[in-house]
>>> print(open('query.cif').read())   # mmCIF, C-alpha atoms
data_data
loop_
_atom_site.label_atom_id
_atom_site.label_comp_id
_atom_site.auth_asym_id
_atom_site.auth_seq_id
_atom_site.Cartn_x
_atom_site.Cartn_y
_atom_site.Cartn_z
CA MET A 613 26.64 0.27 29.54
CA THR A 614 28.10 -2.84 28.07
CA GLU A 615 26.55 -2.51 24.66
CA GLU A 616 28.55 0.38 23.34
CA ARG A 617 31.89 -0.64 24.69
CA PRO A 618 34.85 -0.58 22.40
CA ARG A 619 34.94 -3.71 20.37
CA GLU A 620 38.49 -4.75 20.74
CA LYS A 621 40.05 -5.68 23.99
CA LYS A 622 43.20 -3.88 23.07
CA SER A 623 41.66 -0.46 22.57
CA LEU A 624 39.42 -0.98 25.56
CA ARG A 625 42.47 -1.55 27.66
CA SER A 626 44.21 1.53 26.42
CA VAL A 627 41.15 3.69 27.01
CA ARG A 628 40.95 2.41 30.57
CA ALA A 629 44.60 2.98 31.21
CA SER A 630 44.45 6.57 30.11
CA ARG A 631 41.18 7.24 31.87
CA GLU A 632 42.52 5.93 35.10
CA GLY A 633 45.51 8.14 34.77
CA GLY A 634 47.77 5.13 35.12
CA ALA A 635 50.64 4.17 32.96
CA ARG A 636 49.69 5.63 29.63
CA ARG A 637 50.56 3.46 26.70
CA ARG A 638 51.91 5.00 23.56
CA LEU A 639 49.57 4.34 20.71
CA GLY A 640 50.58 3.95 17.10
CA THR A 641 48.85 6.08 14.48
CA GLU A 642 46.32 3.43 13.47
CA GLU A 643 45.70 2.41 17.03
CA ARG A 644 45.15 6.00 18.10
CA ARG A 645 42.79 6.61 15.23
CA SER A 646 40.78 3.48 16.15
CA GLN A 647 40.65 4.52 19.76
CA LEU A 648 39.38 8.00 18.90
CA LEU A 649 36.87 6.61 16.44
CA GLU A 650 35.57 4.22 19.07
CA LEU A 651 35.12 7.08 21.52
CA GLY A 652 33.50 9.14 18.75
CA ILE A 653 30.98 6.43 17.97
CA ASP A 654 30.20 6.23 21.66
CA ALA A 655 29.81 10.01 22.04
CA PHE A 656 27.69 10.59 18.93
CA SER A 657 25.52 7.61 19.86
CA ARG A 658 24.78 8.96 23.29
CA GLU A 659 24.37 12.64 22.60
CA PRO A 660 23.00 14.90 19.89
CA TYR A 661 25.66 16.27 17.56
CA ASP A 662 25.66 19.73 19.10
CA ALA A 663 26.07 18.36 22.61
CA VAL A 664 29.15 16.30 21.82
CA SER A 665 32.28 17.97 23.14
CA ILE A 666 35.49 17.31 21.25
CA GLU A 667 37.37 18.37 24.34
CA GLU A 668 35.69 15.70 26.41
CA VAL A 669 36.30 13.02 23.83
CA ALA A 670 39.97 13.97 23.70
CA ALA A 671 40.12 13.91 27.49
CA ARG A 672 38.57 10.45 27.58
CA ALA A 673 41.23 9.31 25.13
CA GLY A 674 43.84 10.80 27.42
CA THR A 675 44.99 13.08 24.65
CA SER A 676 44.60 16.65 23.45
CA LYS A 677 41.97 18.32 21.33
CA GLY A 678 44.76 19.22 18.92
CA LEU A 679 45.74 15.61 18.42
CA LEU A 680 42.12 14.64 17.79
CA TYR A 681 41.92 17.36 15.15
CA HIS A 682 45.07 15.96 13.62
CA TYR A 683 43.16 12.74 12.86
CA PHE A 684 39.79 14.35 12.20
CA PRO A 685 40.19 17.98 11.09
CA THR A 686 36.70 19.11 12.11
CA LYS A 687 33.92 17.92 14.40
CA ARG A 688 31.86 17.21 11.33
CA ASP A 689 34.66 15.02 9.88
CA PHE A 690 34.81 13.19 13.18
CA TYR A 691 31.05 12.66 13.13
CA LEU A 692 31.04 11.47 9.52
CA ALA A 693 33.91 9.07 10.21
CA ALA A 694 32.01 7.69 13.22
CA ILE A 695 28.77 6.99 11.36
CA ALA A 696 30.66 5.64 8.33
CA GLU A 697 32.42 3.22 10.68
CA VAL A 698 29.07 2.09 12.15
CA SER A 699 27.76 1.54 8.63
CA LYS A 700 30.88 -0.43 7.68
CA ARG A 701 30.53 -2.67 10.72
CA LEU A 702 26.82 -3.23 10.19
CA LEU A 703 27.39 -4.18 6.56
CA ALA A 704 30.37 -6.40 7.37
CA SER A 705 28.67 -8.23 10.22
CA THR A 706 25.63 -9.04 8.07
CA ASP A 707 27.55 -10.02 4.96
CA PHE A 708 26.92 -13.64 4.06
CA THR A 709 27.16 -13.21 0.30
CA SER A 710 29.46 -16.23 0.18
CA VAL A 711 26.65 -18.48 1.42
CA VAL A 712 25.16 -20.08 -1.68
CA ASP A 713 21.71 -21.08 -0.47
CA PRO A 714 19.52 -17.95 -0.47
CA LEU A 715 17.33 -19.01 2.45
CA THR A 716 20.31 -19.82 4.64
CA ARG A 717 21.92 -16.56 3.58
CA LEU A 718 18.80 -14.63 4.53
CA ALA A 719 18.46 -16.40 7.87
CA LYS A 720 22.10 -15.78 8.76
CA GLY A 721 21.90 -12.17 7.63
CA LEU A 722 18.78 -11.39 9.64
CA SER A 723 20.14 -13.10 12.71
CA ALA A 724 23.38 -11.11 12.46
CA TYR A 725 21.38 -7.90 11.97
CA ALA A 726 19.43 -8.63 15.15
CA ASP A 727 22.70 -9.29 16.99
CA PHE A 728 24.09 -5.99 15.78
CA ILE A 729 21.15 -3.90 16.95
CA ASP A 730 21.13 -5.91 20.17
CA ARG A 731 24.75 -5.07 20.95
CA HIS A 732 25.10 -1.69 19.28
CA GLY A 733 21.63 -0.23 19.52
CA LEU A 734 22.70 3.31 20.25
CA ALA A 735 25.24 3.39 17.45
CA TYR A 736 22.64 1.94 15.08
CA GLY A 737 20.24 4.71 16.08
CA ALA A 738 22.94 7.31 15.48
CA LEU A 739 23.53 5.91 12.00
CA LEU A 740 19.84 5.94 11.08
CA ARG A 741 19.31 9.40 12.47
CA SER A 742 22.27 10.63 10.48
CA GLY A 743 19.99 11.06 7.47
CA ILE A 744 19.70 14.66 8.50
CA GLY A 745 18.49 17.65 6.59
CA MET A 746 21.60 19.38 7.79
CA ASP A 747 24.21 17.34 6.07
CA ALA A 748 24.29 15.82 2.60
CA GLN A 749 27.34 13.70 3.36
CA ALA A 750 25.74 12.17 6.42
CA LEU A 751 22.66 11.41 4.37
CA ALA A 752 24.89 9.73 1.80
CA VAL A 753 26.22 7.32 4.42
CA ILE A 754 22.82 5.98 5.38
CA GLU A 755 21.59 6.00 1.77
CA SER A 756 24.55 3.94 0.67
CA THR A 757 24.02 1.52 3.55
CA ARG A 758 20.43 1.01 2.43
CA GLY A 759 21.55 0.69 -1.17
CA THR A 760 23.95 -2.10 -0.26
CA PHE A 761 21.20 -4.00 1.54
CA ALA A 762 18.87 -3.56 -1.42
CA ALA A 763 21.54 -4.75 -3.85
CA ARG A 764 22.21 -7.84 -1.75
CA LEU A 765 18.53 -8.68 -1.74
CA ILE A 766 18.12 -8.09 -5.45
CA GLU A 767 21.10 -10.33 -6.19
CA SER A 768 19.31 -13.14 -4.36
CA PHE A 769 16.65 -13.33 -7.00
CA PRO A 770 17.13 -15.52 -10.03
CA GLY A 771 15.40 -13.35 -12.58
CA PRO A 772 14.88 -9.66 -13.28
CA VAL A 773 13.28 -7.70 -10.46
CA SER A 774 10.38 -5.41 -11.43
CA GLN A 775 10.18 -1.79 -10.31
CA LEU A 776 7.30 -2.71 -8.04
CA ALA A 777 9.33 -5.50 -6.48
CA ARG A 778 12.26 -3.10 -6.01
CA THR A 779 9.94 -0.64 -4.30
CA ALA A 780 8.69 -3.45 -2.07
CA LEU A 781 12.29 -4.26 -1.09
CA VAL A 782 12.99 -0.62 -0.29
CA GLY A 783 9.87 -0.72 1.86
CA TRP A 784 10.99 -3.87 3.58
CA ILE A 785 14.31 -2.26 4.49
CA GLY A 786 12.29 0.62 6.00
CA PHE A 787 10.24 -1.99 7.85
CA VAL A 788 13.38 -3.57 9.30
CA GLU A 789 14.80 -0.19 10.29
CA ALA A 790 11.62 1.03 11.97
CA THR A 791 11.14 -2.19 13.94
CA SER A 792 14.84 -2.17 14.86
CA LEU A 793 14.67 1.34 16.30
CA ASP A 794 11.49 0.42 18.14
CA TRP A 795 13.13 -2.72 19.46
CA VAL A 796 16.23 -0.88 20.61
CA ALA A 797 14.00 1.58 22.47
CA ARG A 798 11.42 -0.79 23.95
CA ARG A 799 12.47 -4.43 23.55
CA ALA A 800 8.77 -5.21 23.48
CA VAL A 801 9.18 -8.53 21.67
CA GLY A 802 11.80 -11.26 21.76
CA ARG A 803 14.73 -11.31 19.37
CA ASP A 804 13.45 -14.44 17.60
CA ASP A 805 9.98 -12.96 17.15
CA LEU A 806 11.58 -9.89 15.63
CA ILE A 807 13.58 -11.96 13.14
CA ARG A 808 10.49 -14.00 12.28
CA LEU A 809 8.57 -10.78 11.69
CA TRP A 810 11.25 -9.60 9.26
CA SER A 811 11.49 -12.88 7.36
CA THR A 812 7.79 -13.64 7.08
CA THR A 813 7.17 -10.12 5.84
CA LEU A 814 9.90 -10.45 3.23
CA VAL A 815 8.63 -13.85 2.15
CA SER A 816 5.08 -12.62 1.76
CA LEU A 817 6.29 -9.60 -0.21
CA THR A 818 8.34 -11.80 -2.52
CA GLU A 819 5.33 -14.04 -3.06
CA GLN A 820 3.02 -11.13 -3.78
CA PHE A 821 5.30 -9.14 -5.98
CA GLY A 822 6.63 -11.87 -8.16
CA MET A 823 10.20 -12.02 -6.99
CA GLY A 824 10.20 -15.80 -7.25
CA ALA A 825 10.33 -18.27 -4.42
CA THR A 826 14.08 -18.60 -3.98
CA VAL A 827 14.34 -16.12 -1.14
CA MET B 1004 14.60 49.43 16.42
CA THR B 1005 10.87 49.49 16.35
CA GLU B 1006 10.97 48.85 12.65
CA GLU B 1007 12.37 45.37 13.18
CA ARG B 1008 10.03 44.27 15.89
CA PRO B 1009 6.55 45.54 15.21
CA ARG B 1010 4.27 43.87 17.69
CA GLU B 1011 0.94 45.03 16.39
CA LYS B 1012 -0.80 45.44 13.15
CA LYS B 1013 -0.56 49.14 13.37
CA SER B 1014 3.20 49.31 13.54
CA LEU B 1015 3.48 46.57 10.93
CA ARG B 1016 1.35 48.61 8.61
CA SER B 1017 3.34 51.76 9.11
CA VAL B 1018 6.60 49.91 8.51
CA ARG B 1019 5.32 48.47 5.28
CA ALA B 1020 3.83 51.70 4.16
CA SER B 1021 7.03 53.63 4.68
CA ARG B 1022 9.29 50.98 3.18
CA GLU B 1023 7.28 50.09 0.16
CA GLY B 1024 5.45 53.25 -0.49
CA GLY B 1025 2.16 51.45 0.16
CA ALA B 1026 2.30 49.49 -3.09
CA ARG B 1027 2.35 46.10 -1.43
CA ARG B 1028 -0.59 44.48 0.31
CA ARG B 1029 -0.76 44.86 4.03
CA LEU B 1030 -0.71 41.58 5.87
CA GLY B 1031 -2.32 40.94 9.23
CA THR B 1032 -0.37 39.14 11.94
CA GLU B 1033 -1.82 35.72 11.18
CA GLU B 1034 -1.53 36.22 7.47
CA ARG B 1035 2.08 37.28 7.77
CA ARG B 1036 2.90 34.32 9.97
CA SER B 1037 1.31 31.94 7.44
CA GLN B 1038 3.17 33.55 4.60
CA LEU B 1039 6.52 33.22 6.38
CA LEU B 1040 5.77 29.64 7.42
CA GLU B 1041 4.94 28.75 3.84
CA LEU B 1042 8.23 30.21 2.65
CA GLY B 1043 10.01 28.41 5.49
CA ILE B 1044 8.54 25.04 4.52
CA ASP B 1045 9.65 25.70 0.99
CA ALA B 1046 13.18 26.73 1.99
CA PHE B 1047 13.79 23.88 4.46
CA SER B 1048 12.38 21.40 1.93
CA ARG B 1049 14.74 22.49 -0.79
CA GLU B 1050 17.91 23.05 1.13
CA PRO B 1051 19.77 21.55 4.08
CA TYR B 1052 19.23 23.41 7.33
CA ASP B 1053 22.61 25.10 7.30
CA ALA B 1054 22.16 26.35 3.76
CA VAL B 1055 18.84 28.08 4.44
CA SER B 1056 19.29 31.83 4.70
CA ILE B 1057 16.85 33.68 6.92
CA GLU B 1058 17.76 36.84 5.09
CA GLU B 1059 16.70 35.33 1.77
CA VAL B 1060 13.44 34.01 3.17
CA ALA B 1061 12.65 37.45 4.58
CA ALA B 1062 13.52 39.03 1.24
CA ARG B 1063 11.20 36.63 -0.56
CA ALA B 1064 8.45 37.63 1.84
CA GLY B 1065 9.18 41.27 1.05
CA THR B 1066 10.01 41.91 4.66
CA SER B 1067 12.99 42.21 7.00
CA LYS B 1068 15.01 39.62 8.86
CA GLY B 1069 13.97 41.41 12.05
CA LEU B 1070 10.30 40.93 11.34
CA LEU B 1071 10.82 37.24 10.63
CA TYR B 1072 12.60 36.93 13.99
CA HIS B 1073 9.62 38.62 15.58
CA TYR B 1074 7.47 35.67 14.55
CA PHE B 1075 10.15 33.00 14.90
CA PRO B 1076 12.83 34.10 17.39
CA THR B 1077 15.58 31.82 16.05
CA LYS B 1078 16.32 29.91 12.87
CA ARG B 1079 15.79 26.71 14.80
CA ASP B 1080 12.33 27.90 15.95
CA PHE B 1081 11.52 28.71 12.34
CA TYR B 1082 12.66 25.26 11.24
CA LEU B 1083 10.71 23.49 14.00
CA ALA B 1084 7.58 25.49 13.17
CA ALA B 1085 7.96 24.55 9.50
CA ILE B 1086 8.27 20.80 10.09
CA ALA B 1087 5.52 20.87 12.73
CA GLU B 1088 3.28 22.52 10.14
CA VAL B 1089 4.09 19.81 7.57
CA SER B 1090 3.28 17.16 10.17
CA LYS B 1091 0.00 18.89 11.03
CA ARG B 1092 -1.02 19.04 7.38
CA LEU B 1093 -0.06 15.43 6.71
CA LEU B 1094 -2.05 14.23 9.70
CA ALA B 1095 -5.04 16.43 8.88
CA SER B 1096 -5.18 15.47 5.22
CA THR B 1097 -5.14 11.75 6.05
CA ASP B 1098 -7.59 11.91 8.93
CA PHE B 1099 -10.69 9.88 8.18
CA THR B 1100 -11.37 8.80 11.74
CA SER B 1101 -15.01 9.78 11.28
CA VAL B 1102 -15.44 7.09 8.62
CA VAL B 1103 -16.97 4.11 10.37
CA ASP B 1104 -16.04 1.26 8.05
CA PRO B 1105 -12.39 0.35 8.69
CA LEU B 1106 -11.65 -0.77 5.15
CA THR B 1107 -13.06 2.39 3.63
CA ARG B 1108 -11.21 4.42 6.22
CA LEU B 1109 -7.95 2.69 5.33
CA ALA B 1110 -8.50 3.11 1.60
CA LYS B 1111 -9.28 6.81 1.97
CA GLY B 1112 -6.35 7.34 4.30
CA LEU B 1113 -3.83 5.65 2.01
CA SER B 1114 -5.13 7.48 -1.02
CA ALA B 1115 -4.85 10.82 0.77
CA TYR B 1116 -1.34 9.91 1.95
CA ALA B 1117 -0.33 9.23 -1.66
CA ASP B 1118 -1.83 12.55 -2.71
CA PHE B 1119 0.13 14.33 -0.03
CA ILE B 1120 3.49 12.89 -1.02
CA ASP B 1121 2.58 13.48 -4.65
CA ARG B 1122 1.98 17.17 -4.08
CA HIS B 1123 4.32 17.89 -1.21
CA GLY B 1124 7.14 15.43 -1.74
CA LEU B 1125 9.94 17.78 -0.75
CA ALA B 1126 8.20 18.92 2.41
CA TYR B 1127 7.45 15.31 3.28
CA GLY B 1128 11.14 14.49 2.86
CA ALA B 1129 12.09 17.41 5.07
CA LEU B 1130 9.74 16.16 7.78
CA LEU B 1131 11.10 12.61 7.67
CA ARG B 1132 14.69 13.77 7.62
CA SER B 1133 14.00 15.97 10.61
CA GLY B 1134 14.60 13.01 12.90
CA ILE B 1135 18.09 14.28 13.34
CA GLY B 1136 20.70 13.45 15.89
CA MET B 1137 21.18 17.15 16.33
CA ASP B 1138 17.83 18.12 17.64
CA ALA B 1139 15.60 16.39 20.14
CA GLN B 1140 12.64 18.66 19.41
CA ALA B 1141 12.79 17.94 15.69
CA LEU B 1142 12.93 14.24 16.46
CA ALA B 1143 9.87 14.66 18.67
CA VAL B 1144 7.88 16.07 15.73
CA ILE B 1145 8.42 13.05 13.52
CA GLU B 1146 8.05 10.62 16.42
CA SER B 1147 4.71 12.10 17.35
CA THR B 1148 3.57 11.99 13.71
CA ARG B 1149 4.39 8.28 13.61
CA GLY B 1150 2.72 7.77 16.98
CA THR B 1151 -0.50 9.32 15.69
CA PHE B 1152 -0.52 7.02 12.67
CA ALA B 1153 0.13 4.00 14.89
CA ALA B 1154 -2.67 5.02 17.27
CA ARG B 1155 -5.11 5.42 14.39
CA LEU B 1156 -4.25 1.95 13.13
CA ILE B 1157 -4.50 0.38 16.56
CA GLU B 1158 -7.91 1.96 17.10
CA SER B 1159 -9.10 0.22 13.94
CA PHE B 1160 -8.78 -3.17 15.56
CA PRO B 1161 -11.63 -4.60 17.54
CA GLY B 1162 -9.63 -6.38 20.22
CA PRO B 1163 -6.40 -5.92 22.12
CA VAL B 1164 -3.31 -5.61 19.95
CA SER B 1165 -0.32 -7.73 20.95
CA GLN B 1166 3.19 -6.35 21.28
CA LEU B 1167 4.20 -8.27 18.19
CA ALA B 1168 1.30 -6.80 16.25
CA ARG B 1169 2.24 -3.33 17.49
CA THR B 1170 5.80 -3.90 16.32
CA ALA B 1171 4.46 -5.01 12.94
CA LEU B 1172 2.44 -1.78 12.67
CA VAL B 1173 5.51 0.28 13.54
CA GLY B 1174 7.30 -1.63 10.79
CA TRP B 1175 4.52 -1.00 8.33
CA ILE B 1176 4.72 2.74 8.98
CA GLY B 1177 8.45 2.49 8.24
CA PHE B 1178 7.55 0.57 5.08
CA VAL B 1179 5.18 3.34 3.97
CA GLU B 1180 7.74 6.04 4.74
CA ALA B 1181 10.60 4.31 2.92
CA THR B 1182 8.51 3.63 -0.18
CA SER B 1183 7.16 7.19 -0.07
CA LEU B 1184 10.65 8.72 -0.05
CA ASP B 1185 11.68 6.37 -2.84
CA TRP B 1186 8.59 7.30 -4.80
CA VAL B 1187 9.14 11.01 -4.34
CA ALA B 1188 12.71 10.57 -5.61
CA ARG B 1189 12.13 8.13 -8.49
CA ARG B 1190 8.42 7.74 -9.26
CA ALA B 1191 9.32 4.25 -10.43
CA VAL B 1192 5.81 2.87 -10.00
CA GLY B 1193 2.33 4.28 -10.45
CA ARG B 1194 0.41 5.89 -7.63
CA ASP B 1195 -2.17 3.11 -7.56
CA ASP B 1196 0.48 0.41 -7.47
CA LEU B 1197 2.06 2.18 -4.53
CA ILE B 1198 -1.21 2.29 -2.63
CA ARG B 1199 -1.86 -1.35 -3.42
CA LEU B 1200 1.61 -2.22 -2.14
CA TRP B 1201 0.85 -0.44 1.16
CA SER B 1202 -2.56 -1.99 1.66
CA THR B 1203 -1.71 -5.57 0.68
CA THR B 1204 1.31 -5.44 2.98
CA LEU B 1205 -0.82 -4.19 5.85
CA VAL B 1206 -3.48 -6.79 5.21
CA SER B 1207 -0.99 -9.61 5.13
CA LEU B 1208 0.61 -8.35 8.34
CA THR B 1209 -2.75 -8.16 10.07
CA GLU B 1210 -3.53 -11.69 8.95
CA GLN B 1211 -0.21 -13.04 10.10
CA PHE B 1212 -0.01 -11.26 13.40
CA GLY B 1213 -3.51 -11.80 14.63
CA MET B 1214 -4.88 -8.29 14.45
CA GLY B 1215 -8.24 -9.59 13.30
CA ALA B 1216 -9.74 -9.21 9.88
CA THR B 1217 -11.50 -5.89 10.27
CA VAL B 1218 -8.76 -3.81 8.72
#
>>> encode(input="query.cif", output="structure tokens")
Amino acid sequence: MTEERPREKKSLRSVRASREGGARRRLGTEERRSQLLELGIDAFSREPYDAVSIEEVAARAGTSKGLLYHYFPTKRDFYLAAIAEVSKRLLASTDFTSVVDPLTRLAKGLSAYADFIDRHGLAYGALLRSGIGMDAQALAVIESTRGTFAARLIESFPGPVSQLARTALVGWIGFVEATSLDWVARRAVGRDDLIRLWSTTLVSLTEQFGMGATV
Amino acid sequence: MTEERPREKKSLRSVRASREGGARRRLGTEERRSQLLELGIDAFSREPYDAVSIEEVAARAGTSKGLLYHYFPTKRDFYLAAIAEVSKRLLASTDFTSVVDPLTRLAKGLSAYADFIDRHGLAYGALLRSGIGMDAQALAVIESTRGTFAARLIESFPGPVSQLARTALVGWIGFVEATSLDWVARRAVGRDDLIRLWSTTLVSLTEQFGMGATV
């Protein structure tokens, strides 16, 4: 599948080289860590936590289980690092806080969000499903991702935001997440329709719950 | 040990009688199962999966770990039964499909939903957080809960529902879930405001995405 391929050409190349048993390149510490993380994101996106084999991931990286544990001491650490990395990328790729005009900022942000779920749907699903009863730290990752989105939205408004308006924004983030997961699974509507659905819903919420007309 | 796996009421009774000197009430099979399930819902609502101790739950029920495993062979079975029970109760308590008028049906349904999260907030959270990467069966419970809500909504509409409208309904369910979890955690707005937020959002979605005016 093309969508979950390693992002950078460099690490992609090194993964291939090792997988094909050809001339194995020596990786620096940072490069090795990135490579393993990339393979971790891929593995935890495709399979349930329990089904992911550290041994297999290490083999795909052309390295040993021991070396993987050197970078990520436990499977749980590896998992947490993988979902934290997905969160970081999602937040970074949708960050247009430097854009002054709120409507342009929103449009760019939503479009980038759609691109992210388009290209990294499985990883996105893994991040959202990380809010698991099992693990407080995993829950913290997704909660903090949501919190960042909420804060960005709230900053877009000129005046104070009421508790009801805040609740509406929390709801809207849930709306975007639910439709994103549905879209990743079914692709029942076009990308532009999806973005329009998000923005019109946000606009009508802002109109109804007194968040001003600047977003 | 027969003591740990009594299959019938008779042996259950004799176990209890010998262990507790007959002071405690004798529970029938169904009654015992309900009691354990209730304690399971409570335990899995309060603590992450890994932190729940089957031994403690059994102790709270005044019974043995072995007896609990007679009803629920593994901890995972016990967990799945607990979240399935929460789902069943949530769906039952919000089921007004017999009410003919769609607007009344919606109003009653939303009010009952608010009552449920008001009274069973922790259990509700446990159900929603059960959509875990770890466990496909747990994910199936929450997915089927959402599917039932979506089907109920879709049935409310007189004509065919477009894919975009379906996506909007999926989003609205995500909106309700996100605001419910927020409300359980913070209670930042009143119950009636919350219900109004849900219904006005649904109404404006139905108006925008051509689902007719009957809901």
>>> closest_atom_pairs(input="query.cif", of="chain B", to="chain A", cutoff="10 Å", atoms="only C-alpha atoms", output="CSV")
residue,atom,partner,partner_atom,distance
B:Phe1047,CA,A:Gly745,CA,8.1
B:Ser1048,CA,A:Gly745,CA,8.6
B:Arg1049,CA,A:Gly745,CA,9.6
B:Glu1050,CA,A:Gly745,CA,7.7
B:Pro1051,CA,A:Met746,CA,4.7
B:Tyr1052,CA,A:Met746,CA,4.7
B:Asp1053,CA,A:Met746,CA,5.8
B:Ala1054,CA,A:Met746,CA,8.1
B:Val1055,CA,A:Met746,CA,9.7
B:Gly1128,CA,A:Gly745,CA,8.8
B:Ala1129,CA,A:Gly745,CA,6.6
B:Leu1130,CA,A:Gly745,CA,9.0
B:Leu1131,CA,A:Ile744,CA,8.9
B:Arg1132,CA,A:Ile744,CA,5.2
B:Ser1133,CA,A:Ile744,CA,6.2
B:Gly1134,CA,A:Arg741,CA,5.9
B:Ile1135,CA,A:Arg741,CA,5.1
B:Gly1136,CA,A:Pro660,CA,4.8
B:Met1137,CA,A:Pro660,CA,4.6
B:Asp1138,CA,A:Pro660,CA,6.5
B:Ala1139,CA,A:Pro660,CA,7.6
B:Leu1142,CA,A:Arg741,CA,8.9
B:Ser1165,CA,A:Val801,CA,9.6
B:Gln1166,CA,A:Ala800,CA,6.1
B:Leu1167,CA,A:Val801,CA,6.1
B:Ala1168,CA,A:Leu809,CA,9.5
B:Arg1169,CA,A:Ala800,CA,9.1
B:Thr1170,CA,A:Thr791,CA,6.1
B:Ala1171,CA,A:Leu809,CA,7.2
B:Leu1172,CA,A:Thr791,CA,8.8
B:Val1173,CA,A:Thr791,CA,6.2
B:Gly1174,CA,A:Phe787,CA,4.2
B:Trp1175,CA,A:Phe787,CA,5.8
B:Ile1176,CA,A:Phe787,CA,7.4
B:Gly1177,CA,A:Gly786,CA,4.8
B:Phe1178,CA,A:Gly783,CA,4.2
B:Val1179,CA,A:Gly783,CA,6.6
B:Glu1180,CA,A:Gly786,CA,7.2
B:Ala1181,CA,A:Gly786,CA,5.1
B:Thr1182,CA,A:Gly783,CA,5.0
B:Ser1183,CA,A:Gly783,CA,8.6
B:Leu1184,CA,A:Val782,CA,9.6
B:Asp1185,CA,A:Thr779,CA,7.4
B:Trp1186,CA,A:Thr779,CA,8.1
B:Arg1189,CA,A:Thr779,CA,10.0
B:Arg1190,CA,A:Gln775,CA,9.7
B:Ala1191,CA,A:Gln775,CA,6.1
B:Val1192,CA,A:Leu776,CA,6.1
B:Gly1193,CA,A:Leu776,CA,8.9
B:Asp1196,CA,A:Leu776,CA,7.5
B:Leu1197,CA,A:Leu776,CA,8.0
B:Leu1200,CA,A:Ala780,CA,7.2
B:Trp1201,CA,A:Ala780,CA,9.0
B:Thr1203,CA,A:Gln820,CA,8.6
B:Thr1204,CA,A:Leu817,CA,7.2
B:Leu1205,CA,A:Thr813,CA,10.0
B:Ser1207,CA,A:Ser816,CA,7.6
B:Leu1208,CA,A:Thr813,CA,7.2
B:Gln1211,CA,A:Thr812,CA,8.6
B:Phe1212,CA,A:Leu809,CA,8.8
>>> axis_aligned_box(input="query.cif", around="segment 780-787 of chain A", padding_each_side="4 Å", output="lines of an AutoDock Vina configuration file")
center_x = 11.5
center_y = -1.8
center_z = 2.9
size_x = 13.6
size_y = 12.9
size_z = 17.9
>>> resolve_selection(input="query.cif", expression="the PyMOL selection byres ((chain A and resi 726) around 8)", output="list in words")
Leu722, Ser723, Ala724, Tyr725, Asp727, Phe728, Ile729, Asp730, Ser792, Arg803, Leu806 and Ile807 of chain A
>>> resolve_selection(input="query.cif", expression="the PyMOL selection byres ((chain B and resi 1043) around 8)", output="PyMOL selection string")
chain B and resi 1039-1042+1044-1047+1060+1081-1082+1085
>>> calpha_fit_rmsd(input="query.cif", fixed="chain A", moving="chain B")
6.5 Å
>>> closest_residue(input="query.cif", among="B:Ala1126, B:Val1206, B:Ala1153, B:Ala1061", to="Tyr1074 of chain B", atoms="all atoms listed in the file")
B:Ala1061
>>> atom_distance(input="query.cif", atom1="atom CA of Ala763 of chain A", atom2="atom CA of Glu697 of chain A")
19.8 Å
>>> atom_distance(input="query.cif", atom1="atom CA of Arg1108 of chain B", atom2="atom CA of Ser1090 of chain B")
19.7 Å
>>> atom_distance(input="query.cif", atom1="atom CA of Thr1097 of chain B", atom2="atom CA of Ser1159 of chain B")
14.5 Å
>>> closest_residue(input="query.cif", among="B:Leu1071, B:Phe1160, B:Thr1077, B:Arg1122", to="Asp1104 of chain B", atoms="only C-alpha atoms")
B:Phe1160
>>> residues_around(input="query.cif", residues="Thr1100 of chain B", least_positions_apart="3", cutoff="12 Å", atoms="all atoms listed in the file", output="ChimeraX atom specification")
/B:1094-1097,1103-1112,1151-1152,1154-1159
>>> residues_around(input="query.cif", residues="Gln1140 of chain B", least_positions_apart="3", cutoff="8 Å", atoms="only C-alpha atoms", output="list in words")
Leu1083, Ala1143 and Val1144 of chain B
>>> closest_residue(input="query.cif", among="B:Arg1079, B:Gly1065, B:His1123, B:Ala1084", to="Leu1030 of chain B", atoms="all atoms listed in the file")
B:Gly1065
